[in-house]
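Asker: Pasting entry-v5.txt below, which is compact mmCIF, C-alpha atoms and all ligand atoms.
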# COMPACT_ATOMS: atom_id res chain seq x y z
CA MET A 442 194.23 10.26 192.86
CA ALA A 443 190.45 10.25 193.42
CA GLU A 444 188.99 8.94 196.68
CA PRO A 445 188.64 5.14 196.68
CA LEU A 446 185.06 3.94 196.07
CA PHE A 447 185.18 1.81 199.22
CA ASP A 448 187.12 2.21 202.41
CA ARG A 449 187.48 -1.51 203.12
CA VAL A 450 186.86 -4.35 200.64
CA ALA A 451 186.95 -7.97 201.82
CA ILE A 452 187.57 -10.82 199.40
CA ILE A 453 186.59 -14.29 200.57
CA GLY A 454 188.33 -17.02 198.55
CA VAL A 455 191.45 -15.66 196.86
CA GLY A 456 191.78 -17.88 193.80
CA LEU A 457 191.75 -16.87 190.14
CA ILE A 458 188.77 -14.52 190.44
CA GLY A 459 189.33 -13.24 194.00
CA SER A 460 192.99 -12.46 193.34
CA SER A 461 192.13 -10.77 190.02
CA ILE A 462 189.60 -8.57 191.82
CA ALA A 463 192.21 -7.71 194.48
CA ARG A 464 194.76 -6.83 191.80
CA ALA A 465 192.25 -4.78 189.75
CA ALA A 466 191.01 -2.97 192.90
CA ARG A 467 194.58 -2.08 193.85
CA LYS A 468 195.52 -0.97 190.36
CA ALA A 469 192.45 1.24 189.98
CA GLY A 470 192.46 2.49 193.59
CA LEU A 471 188.97 1.16 194.30
CA ALA A 472 189.64 0.33 197.97
CA ARG A 473 191.64 2.00 200.72
CA THR A 474 192.18 -1.35 202.45
CA ILE A 475 191.83 -4.89 201.12
CA ALA A 476 191.15 -7.73 203.55
CA ALA A 477 191.29 -11.32 202.33
CA ALA A 478 190.26 -14.69 203.73
CA ASP A 479 190.87 -18.19 202.44
CA GLN A 480 190.40 -21.55 204.14
CA ASP A 481 193.56 -22.91 202.49
CA ALA A 482 196.79 -22.06 204.35
CA SER A 483 198.93 -22.37 201.20
CA VAL A 484 196.65 -19.84 199.45
CA ARG A 485 196.93 -17.43 202.40
CA GLU A 486 200.70 -17.75 202.19
CA ARG A 487 200.72 -16.88 198.48
CA VAL A 488 198.32 -13.96 199.02
CA ALA A 489 200.69 -12.54 201.62
CA ALA A 490 203.79 -13.20 199.50
CA LEU A 491 202.22 -11.56 196.44
CA GLY A 492 201.04 -8.59 198.53
CA LEU A 493 197.48 -8.99 197.25
CA ALA A 494 195.85 -7.81 200.48
CA ASP A 495 196.63 -5.59 203.45
CA GLU A 496 195.28 -8.17 205.90
CA VAL A 497 194.91 -11.92 205.45
CA PHE A 498 192.62 -14.06 207.62
CA GLU A 499 191.75 -17.70 207.99
CA ARG A 500 188.14 -16.95 209.01
CA SER A 501 185.82 -15.23 206.52
CA GLY A 502 183.93 -13.53 209.37
CA GLU A 503 187.06 -11.74 210.52
CA ALA A 504 187.84 -10.41 207.03
CA ALA A 505 184.21 -9.31 206.56
CA ALA A 506 183.91 -7.43 209.86
CA GLU A 507 184.15 -3.67 209.26
CA ALA A 508 184.18 -4.13 205.45
CA ASP A 509 182.06 -1.86 203.26
CA LEU A 510 182.03 -4.38 200.43
CA VAL A 511 182.44 -8.15 200.86
CA ILE A 512 182.83 -10.27 197.71
CA VAL A 513 182.54 -14.03 198.11
CA CYS A 514 184.79 -15.65 195.46
CA THR A 515 184.58 -19.31 196.54
CA PRO A 516 183.07 -22.19 194.55
CA VAL A 517 179.26 -21.77 194.50
CA GLY A 518 178.68 -24.92 196.59
CA VAL A 519 180.05 -23.26 199.75
CA CYS A 520 178.50 -19.79 199.31
CA GLY A 521 175.74 -20.67 201.83
CA PRO A 522 178.03 -21.70 204.72
CA VAL A 523 180.34 -18.75 203.97
CA ALA A 524 177.36 -16.34 204.10
CA ALA A 525 176.26 -17.94 207.37
CA GLU A 526 179.64 -17.05 208.86
CA ILE A 527 179.83 -13.57 207.37
CA GLY A 528 176.20 -12.45 207.87
CA PRO A 529 176.37 -11.73 211.62
CA ARG A 530 179.63 -9.79 211.17
CA LEU A 531 178.38 -7.42 208.43
CA LYS A 532 178.28 -3.80 209.53
CA PRO A 533 175.28 -1.53 208.84
CA GLY A 534 175.22 -0.45 205.19
CA ALA A 535 177.73 -3.10 204.05
CA ILE A 536 177.28 -4.63 200.60
CA LEU A 537 177.61 -8.40 200.27
CA SER A 538 178.24 -9.74 196.78
CA ASP A 539 179.65 -12.81 195.03
CA VAL A 540 181.05 -13.85 191.65
CA GLY A 541 179.38 -17.25 191.23
CA SER A 542 178.73 -18.66 187.76
CA VAL A 543 175.25 -19.67 188.98
CA LYS A 544 172.85 -17.19 190.55
CA GLY A 545 169.60 -18.95 191.60
CA ALA A 546 171.21 -21.39 194.03
CA VAL A 547 173.61 -18.74 195.35
CA VAL A 548 170.75 -16.36 196.12
CA ARG A 549 168.78 -19.22 197.72
CA ASP A 550 171.78 -20.13 199.91
CA MET A 551 173.17 -16.67 200.77
CA ALA A 552 170.15 -14.35 201.06
CA PRO A 553 168.76 -15.87 204.30
CA HIS A 554 172.01 -14.97 206.11
CA VAL A 555 172.08 -11.29 205.12
CA PRO A 556 170.93 -9.06 208.01
CA ALA A 557 168.34 -6.33 207.32
CA HIS A 558 170.98 -3.62 207.86
CA ALA A 559 173.18 -4.89 204.97
CA HIS A 560 172.64 -5.11 201.19
CA PHE A 561 172.97 -8.24 199.09
CA VAL A 562 173.77 -7.72 195.38
CA PRO A 563 174.75 -10.92 193.53
CA ALA A 564 177.14 -10.62 190.57
CA HIS A 565 178.94 -12.69 187.95
CA PRO A 566 181.95 -11.47 185.97
CA ILE A 567 182.00 -13.11 182.53
CA ALA A 568 185.74 -13.44 182.47
CA GLY A 569 188.06 -16.22 183.45
CA THR A 570 190.45 -18.89 182.32
CA GLU A 571 190.94 -22.60 182.88
CA ASP A 572 193.51 -21.85 185.61
CA SER A 573 192.86 -21.47 189.32
CA GLY A 574 194.56 -20.15 192.43
CA PRO A 575 196.03 -16.79 193.46
CA ASP A 576 198.99 -16.99 191.07
CA ALA A 577 196.68 -17.37 188.06
CA GLY A 578 194.92 -14.02 188.54
CA PHE A 579 195.75 -10.74 186.81
CA ALA A 580 194.49 -7.16 187.10
CA GLU A 581 193.34 -6.90 183.47
CA LEU A 582 191.11 -9.99 183.55
CA PHE A 583 187.91 -7.92 183.56
CA ASP A 584 188.93 -5.29 181.00
CA GLY A 585 186.16 -4.93 178.44
CA ARG A 586 184.38 -8.03 179.76
CA TRP A 587 180.81 -8.15 181.05
CA ALA A 588 179.93 -8.22 184.72
CA ILE A 589 176.30 -9.21 185.27
CA LEU A 590 174.48 -7.99 188.37
CA THR A 591 171.32 -9.86 189.38
CA PRO A 592 169.80 -7.64 192.10
CA LEU A 593 166.62 -8.82 193.79
CA GLU A 594 163.51 -6.66 193.35
CA SER A 595 163.93 -5.38 196.89
CA ALA A 596 167.56 -4.32 196.34
CA ASP A 597 168.69 -0.86 197.42
CA PRO A 598 169.41 1.15 194.21
CA ALA A 599 172.35 2.93 195.87
CA ALA A 600 174.00 -0.42 196.73
CA VAL A 601 173.47 -1.66 193.16
CA ALA A 602 174.95 1.59 191.81
CA ALA A 603 177.98 1.28 194.12
CA LEU A 604 178.66 -2.29 192.99
CA ARG A 605 178.24 -1.25 189.35
CA ALA A 606 180.82 1.52 189.91
CA PHE A 607 183.20 -1.02 191.47
CA TRP A 608 183.00 -3.37 188.48
CA GLU A 609 183.30 -0.50 186.01
CA GLY A 610 186.34 0.67 187.96
CA ALA A 611 187.78 -2.83 187.54
CA GLY A 612 187.40 -2.42 183.77
CA ALA A 613 184.15 -4.31 183.15
CA ARG A 614 180.98 -3.42 181.28
CA VAL A 615 178.00 -3.92 183.56
CA ASP A 616 174.55 -5.29 182.77
CA THR A 617 171.70 -6.38 185.02
CA MET A 618 169.24 -9.24 184.59
CA THR A 619 167.06 -11.49 186.72
CA VAL A 620 168.51 -14.50 188.47
CA GLU A 621 166.33 -16.90 186.42
CA HIS A 622 167.27 -15.34 183.09
CA HIS A 623 170.94 -15.38 184.07
CA ASP A 624 170.90 -19.10 184.82
CA LEU A 625 169.18 -19.94 181.53
CA VAL A 626 171.54 -17.78 179.44
CA PHE A 627 174.69 -19.14 181.07
CA ALA A 628 173.47 -22.71 180.92
CA ILE A 629 173.66 -22.53 177.12
CA VAL A 630 176.60 -20.16 176.55
CA SER A 631 178.89 -21.48 179.29
CA HIS A 632 177.74 -24.48 181.32
CA VAL A 633 176.67 -26.83 178.51
CA PRO A 634 179.79 -25.94 176.42
CA HIS A 635 181.97 -26.88 179.40
CA LEU A 636 180.07 -30.16 179.80
CA ILE A 637 180.56 -30.91 176.11
CA ALA A 638 184.29 -30.25 176.46
CA TYR A 639 184.60 -32.48 179.54
CA ASN A 640 182.68 -35.19 177.71
CA ILE A 641 184.57 -35.15 174.42
CA VAL A 642 187.97 -35.14 176.12
CA GLY A 643 186.82 -37.98 178.39
CA THR A 644 185.49 -39.97 175.42
CA ALA A 645 188.72 -39.53 173.44
CA ALA A 646 190.79 -40.57 176.44
CA ASP A 647 188.66 -43.70 176.88
CA LEU A 648 188.75 -44.86 173.27
CA GLU A 649 191.01 -47.84 172.94
CA GLU A 650 191.83 -47.27 169.28
CA VAL A 651 192.84 -43.64 169.89
CA THR A 652 195.75 -43.95 172.25
CA GLN A 653 196.65 -41.23 174.74
CA SER A 654 199.75 -40.40 172.72
CA GLU A 655 197.73 -39.85 169.54
CA VAL A 656 195.33 -37.59 171.43
CA ILE A 657 198.32 -35.47 172.42
CA LYS A 658 200.14 -35.77 169.08
CA TYR A 659 197.24 -34.62 166.91
CA SER A 660 195.66 -32.21 169.32
CA ALA A 661 196.58 -29.19 167.17
CA SER A 662 193.15 -29.75 165.61
CA GLY A 663 189.81 -28.55 167.06
CA PHE A 664 190.23 -31.02 169.91
CA ARG A 665 192.91 -28.82 171.45
CA ASP A 666 190.39 -26.04 172.13
CA PHE A 667 188.23 -28.54 174.01
CA THR A 668 191.18 -29.67 176.14
CA ARG A 669 191.70 -26.10 177.37
CA ILE A 670 188.12 -25.85 178.58
CA ALA A 671 188.23 -29.40 179.98
CA ALA A 672 191.23 -28.38 182.12
CA SER A 673 188.96 -26.04 184.13
CA ASP A 674 188.71 -26.44 187.90
CA PRO A 675 186.88 -29.69 188.88
CA THR A 676 185.46 -28.34 192.17
CA MET A 677 184.14 -25.17 190.59
CA TRP A 678 182.47 -26.99 187.70
CA ARG A 679 181.05 -29.81 189.80
CA ASP A 680 179.36 -27.11 191.88
CA VAL A 681 178.09 -25.28 188.77
CA PHE A 682 176.35 -28.40 187.42
CA LEU A 683 174.90 -29.40 190.80
CA ASN A 684 173.60 -25.88 191.35
CA ASN A 685 172.20 -25.01 187.91
CA ARG A 686 170.64 -28.41 187.39
CA ASP A 687 167.27 -27.43 185.94
CA ALA A 688 168.52 -24.91 183.36
CA VAL A 689 171.42 -27.19 182.31
CA LEU A 690 169.10 -30.19 181.90
CA GLN A 691 166.64 -28.07 179.91
CA MET A 692 169.36 -26.85 177.53
CA LEU A 693 170.95 -30.30 177.32
CA GLY A 694 167.60 -31.77 176.28
CA ARG A 695 167.40 -29.33 173.40
CA PHE A 696 171.08 -29.92 172.53
CA VAL A 697 170.65 -33.69 172.41
CA GLU A 698 167.61 -33.34 170.11
CA ASP A 699 169.56 -31.11 167.73
CA LEU A 700 172.54 -33.49 167.84
CA THR A 701 170.26 -36.38 166.97
CA ALA A 702 168.98 -34.41 163.97
CA LEU A 703 172.59 -33.92 162.83
CA GLN A 704 173.31 -37.61 163.32
CA ARG A 705 170.31 -38.38 161.12
CA ALA A 706 171.41 -35.89 158.46
CA ILE A 707 174.83 -37.56 158.29
CA ARG A 708 173.31 -41.05 158.18
CA TRP A 709 170.96 -40.13 155.30
CA GLY A 710 173.46 -38.01 153.41
CA GLU A 711 171.43 -34.81 153.85
CA GLY A 712 174.26 -32.44 152.89
CA ASP A 713 171.94 -29.45 152.48
CA LYS A 714 170.92 -29.64 156.13
CA LEU A 715 174.54 -29.74 157.28
CA PHE A 716 175.53 -26.94 154.91
CA GLU A 717 172.62 -24.74 156.05
CA LEU A 718 173.53 -25.15 159.75
CA PHE A 719 177.25 -24.59 159.21
CA THR A 720 176.48 -21.43 157.22
CA ARG A 721 174.25 -20.09 160.02
CA THR A 722 176.83 -20.85 162.71
CA ARG A 723 179.60 -19.19 160.70
CA GLU A 724 177.45 -16.05 160.57
CA ILE A 725 177.04 -16.15 164.35
CA ARG A 726 180.80 -16.27 164.87
CA ARG A 727 181.25 -13.36 162.46
CA SER A 728 178.64 -11.24 164.20
CA ILE A 729 180.28 -11.94 167.60
CA ILE A 730 183.57 -10.64 166.20
CA GLU A 731 181.87 -7.63 164.55
CA GLN A 732 180.31 -6.71 167.91
CA GLY A 733 183.77 -6.81 169.47
CA GLN A 734 182.76 -9.63 171.83
CA ASP A 735 185.79 -11.70 170.99
CA THR A 736 188.36 -8.92 170.90
CA ALA A 737 187.13 -6.63 173.66
CA ALA A 738 189.88 -7.60 176.06
CA PRO A 739 193.48 -6.61 175.51
CA ASP A 740 195.92 -9.30 174.45
CA PHE A 741 196.87 -11.47 177.40
CA GLY A 742 198.74 -13.95 175.25
CA ARG A 743 197.49 -17.44 175.96
CA ARG A 744 195.20 -16.12 178.66
CA ASN A 745 193.16 -14.17 176.13
CA ALA A 746 190.80 -17.01 175.50
CA PRO A 747 187.29 -16.13 174.47
CA SER A 748 185.26 -16.09 177.65
CA ALA A 749 181.88 -17.63 178.28
CA GLY A 750 180.46 -16.35 175.06
CA ASP A 751 178.26 -13.63 173.74
CA HIS A 752 175.78 -11.85 175.83
CA GLY A 753 172.80 -11.80 173.50
CA ALA A 754 169.21 -12.24 174.57
CA ILE A 755 167.95 -15.75 174.90
CA SER A 756 164.52 -17.27 175.20
CA PRO A 757 163.73 -20.66 176.63
CA PRO A 758 163.80 -23.32 173.91
CA GLY A 759 160.55 -23.69 171.99
CA PRO A 760 158.36 -26.78 172.10
N1 LIG B 801 187.27 -19.61 186.90
C1 LIG B 801 186.56 -18.84 186.12
O1 LIG B 801 186.84 -18.72 184.92
C2 LIG B 801 185.38 -18.10 186.69
C3 LIG B 801 184.87 -18.41 187.94
N2 LIG B 801 183.77 -17.74 188.43
C4 LIG B 801 183.26 -18.09 189.76
O2 LIG B 801 184.21 -17.63 190.69
C5 LIG B 801 184.24 -18.45 191.84
C6 LIG B 801 185.69 -18.80 192.17
O3 LIG B 801 186.29 -19.42 191.07
P1 LIG B 801 187.88 -19.41 190.89
O4 LIG B 801 188.46 -18.15 191.39
O5 LIG B 801 188.13 -19.83 189.50
O6 LIG B 801 188.27 -20.61 191.87
P2 LIG B 801 189.67 -20.92 192.58
O7 LIG B 801 189.67 -22.38 192.85
O8 LIG B 801 190.81 -20.33 191.84
O9 LIG B 801 189.53 -20.13 193.97
C7 LIG B 801 188.58 -20.44 194.96
C8 LIG B 801 189.20 -20.16 196.32
O10 LIG B 801 188.18 -20.29 197.32
C9 LIG B 801 188.77 -20.88 198.47
N3 LIG B 801 187.71 -21.46 199.28
C10 LIG B 801 186.99 -22.58 199.04
N4 LIG B 801 186.11 -22.80 200.03
C11 LIG B 801 186.27 -21.78 200.91
C12 LIG B 801 185.64 -21.45 202.14
N5 LIG B 801 184.66 -22.20 202.65
N6 LIG B 801 186.07 -20.34 202.80
C13 LIG B 801 187.08 -19.58 202.30
N7 LIG B 801 187.71 -19.85 201.14
C14 LIG B 801 187.30 -20.94 200.45
C15 LIG B 801 189.75 -21.89 197.90
O11 LIG B 801 190.74 -22.25 198.85
C16 LIG B 801 190.32 -21.12 196.70
O12 LIG B 801 191.48 -20.40 197.06
C17 LIG B 801 183.34 -19.66 191.53
O13 LIG B 801 182.12 -19.49 192.19
C18 LIG B 801 183.13 -19.58 190.04
O14 LIG B 801 181.85 -20.06 189.66
C19 LIG B 801 183.19 -16.71 187.76
C20 LIG B 801 183.68 -16.33 186.54
C21 LIG B 801 184.79 -17.02 185.89
O1 LIG B 802 187.93 -19.95 180.21
C1 LIG B 802 186.88 -19.77 179.59
O2 LIG B 802 186.80 -19.88 178.36
C2 LIG B 802 185.64 -19.42 180.31
O3 LIG B 802 184.57 -19.72 179.86
C3 LIG B 802 185.81 -18.65 181.58
C4 LIG B 802 184.57 -18.53 182.40
C5 LIG B 802 184.19 -19.60 183.19
C6 LIG B 802 183.08 -19.50 183.99
C7 LIG B 802 182.34 -18.34 184.01
O4 LIG B 802 181.26 -18.26 184.79
C8 LIG B 802 182.71 -17.26 183.24
C9 LIG B 802 183.83 -17.36 182.43
Any chance you could give the structure as structure tokens?

Answerer:
Amino acid sequence: MAEPLFDRVAIIGVGLIGSSIARAARKAGLARTIAAADQDASVRERVAALGLADEVFERSGEAAAEADLVIVCTPVGVCGPVAAEIGPRLKPGAILSDVGSVKGAVVRDMAPHVPAHAHFVPAHPIAGTEDSGPDAGFAELFDGRWAILTPLESADPAAVAALRAFWEGAGARVDTMTVEHHDLVFAIVSHVPHLIAYNIVGTAADLEEVTQSEVIKYSASGFRDFTRIAASDPTMWRDVFLNNRDAVLQMLGRFVEDLTALQRAIRWGEGDKLFELFTRTREIRRSIIEQGQDTAAPDFGRRNAPSAGDHGAISPPGP
């Protein structure tokens, strides 16, 4: 087997994403040693029982010491304090990365703690499920999925290349973009869709005339797809919305305007408008499938849900 890419990889926060990275790194031989840290004792117990890491720590700083690559896989709201603990322990030449669904706030919170002798390269794998915790992860999660790197202008090209090789080794396709562009793109293809799902499931549950049992009984319809998304981790998604506030509010503003136009079309019986939109959106779905965006990953059974969406270019909404 070829030499591992990294001698020691540390994973901080061993939930769905952290445990999937550990499994993928083991399977592909990307690390000689895997160190893991999690603040939750029951998670550390599962990590040890599942054999996901060679060493398991309570303190992130201890896992990060001596690591060549440290990947922070906690909810984005605690990336700053975690970086503050890890920063002073990073060895010269170490790469610090993350997997957060938001990049601007993570860079703002983590970058000040990275010493000059280490390299910070933020990342975001576009792969996941509504489940959380170390038992929910699997080695194939990233197969054929995108991993977005958002290196700062000052980033060391060799560190960016090493992180790219790691993600490619884990099965992902890698792209780079700026932090700002990332947050705008994922506001519309991932964050707002999750908010819509949380909202529609909440509204249905609140309606007096639609009882809970009817929601469950008839949920084989489109509503069922929303309930999967709305089952996603509350801590993670609270942090996403609090930390990508501007881009989400910008996209929501546009969404609400377009929804109002649809409401008006229904009220005034403007069938042509509805038909035109539904035809355009059907085309979008078909082109996503043609580009292999919906079928890129192997079949994971119920886990093979479409992930955050396509990866096309996006411009800020027009006036
Ligand atoms: N769930 C998904 O589908 C995806 C999630 N992400 C990002 O990945 C990150 C992790 O998400 P999941 O793995 O789904 O969450 P998870 O809830 O499964 O795992 C997070 C882990 O971090 C630990 N943790 C929390 N605070 C900590 C701290 N201060 N120090 C050490 N450990 C701590 C928790 O105990 C937990 O085990 C989030 O930032 C999220 O935005 C990215 C892509 C997809
Ligand atoms: O489960 C799904 O459909 C997802 O959308 C998974 C996901 C959630 C958050 C991300 O930042 C990336 C992917």

Asker: Can you tell me which residues sit at most 10 Å away from ligand LIG 802 (chain B), counting only C-alpha atoms and all ligand atoms, written as a PyMOL selection string?

Answerer: chain A and resi 458+540-543+565-572+586-588+627-628+630-632+634-635+666-667+669-674+677-678+681+744-750

Asker: Quick one: residues within 12 Å of Ala603 (chain A), only C-alpha atoms, excluding same-chain residues fewer than 3 positions away - as number ranges by chain?

Answerer: A: 445-447, 471, 509-510, 534-538, 560-562, 590, 597-600, 606-610, 615

Asker: Write out as an MDAnalysis selection string each polymer residue whose atoms come within 12 Å of Leu700 (chain A), counting only C-alpha atoms; drop sequence neighbours fewer than 6 positions from it.

Answerer: chainID A and resid 637 693:694 706:707 715 718

Asker: Name all residues at most 9 Å from region 546-559 of chain A (count only C-alpha atoms; drop same-chain ones fewer than 2 positions away) and give them as a compact mmCIF listing (two decimals) with C-alpha atoms, in the frame of the given file.

Answerer:
# COMPACT_ATOMS: atom_id res chain seq x y z
CA VAL A 517 179.26 -21.77 194.50
CA GLY A 518 178.68 -24.92 196.59
CA VAL A 519 180.05 -23.26 199.75
CA CYS A 520 178.50 -19.79 199.31
CA GLY A 521 175.74 -20.67 201.83
CA PRO A 522 178.03 -21.70 204.72
CA VAL A 523 180.34 -18.75 203.97
CA ALA A 524 177.36 -16.34 204.10
CA ALA A 525 176.26 -17.94 207.37
CA GLU A 526 179.64 -17.05 208.86
CA ILE A 527 179.83 -13.57 207.37
CA GLY A 528 176.20 -12.45 207.87
CA PRO A 529 176.37 -11.73 211.62
CA LEU A 531 178.38 -7.42 208.43
CA LYS A 532 178.28 -3.80 209.53
CA PRO A 533 175.28 -1.53 208.84
CA GLY A 534 175.22 -0.45 205.19
CA ALA A 535 177.73 -3.10 204.05
CA ILE A 536 177.28 -4.63 200.60
CA LEU A 537 177.61 -8.40 200.27
CA ASP A 539 179.65 -12.81 195.03
CA GLY A 541 179.38 -17.25 191.23
CA VAL A 543 175.25 -19.67 188.98
CA LYS A 544 172.85 -17.19 190.55
CA PHE A 561 172.97 -8.24 199.09
CA PRO A 563 174.75 -10.92 193.53
CA LEU A 593 166.62 -8.82 193.79
CA VAL A 620 168.51 -14.50 188.47
CA ASN A 684 173.60 -25.88 191.35
CA ASN A 685 172.20 -25.01 187.91
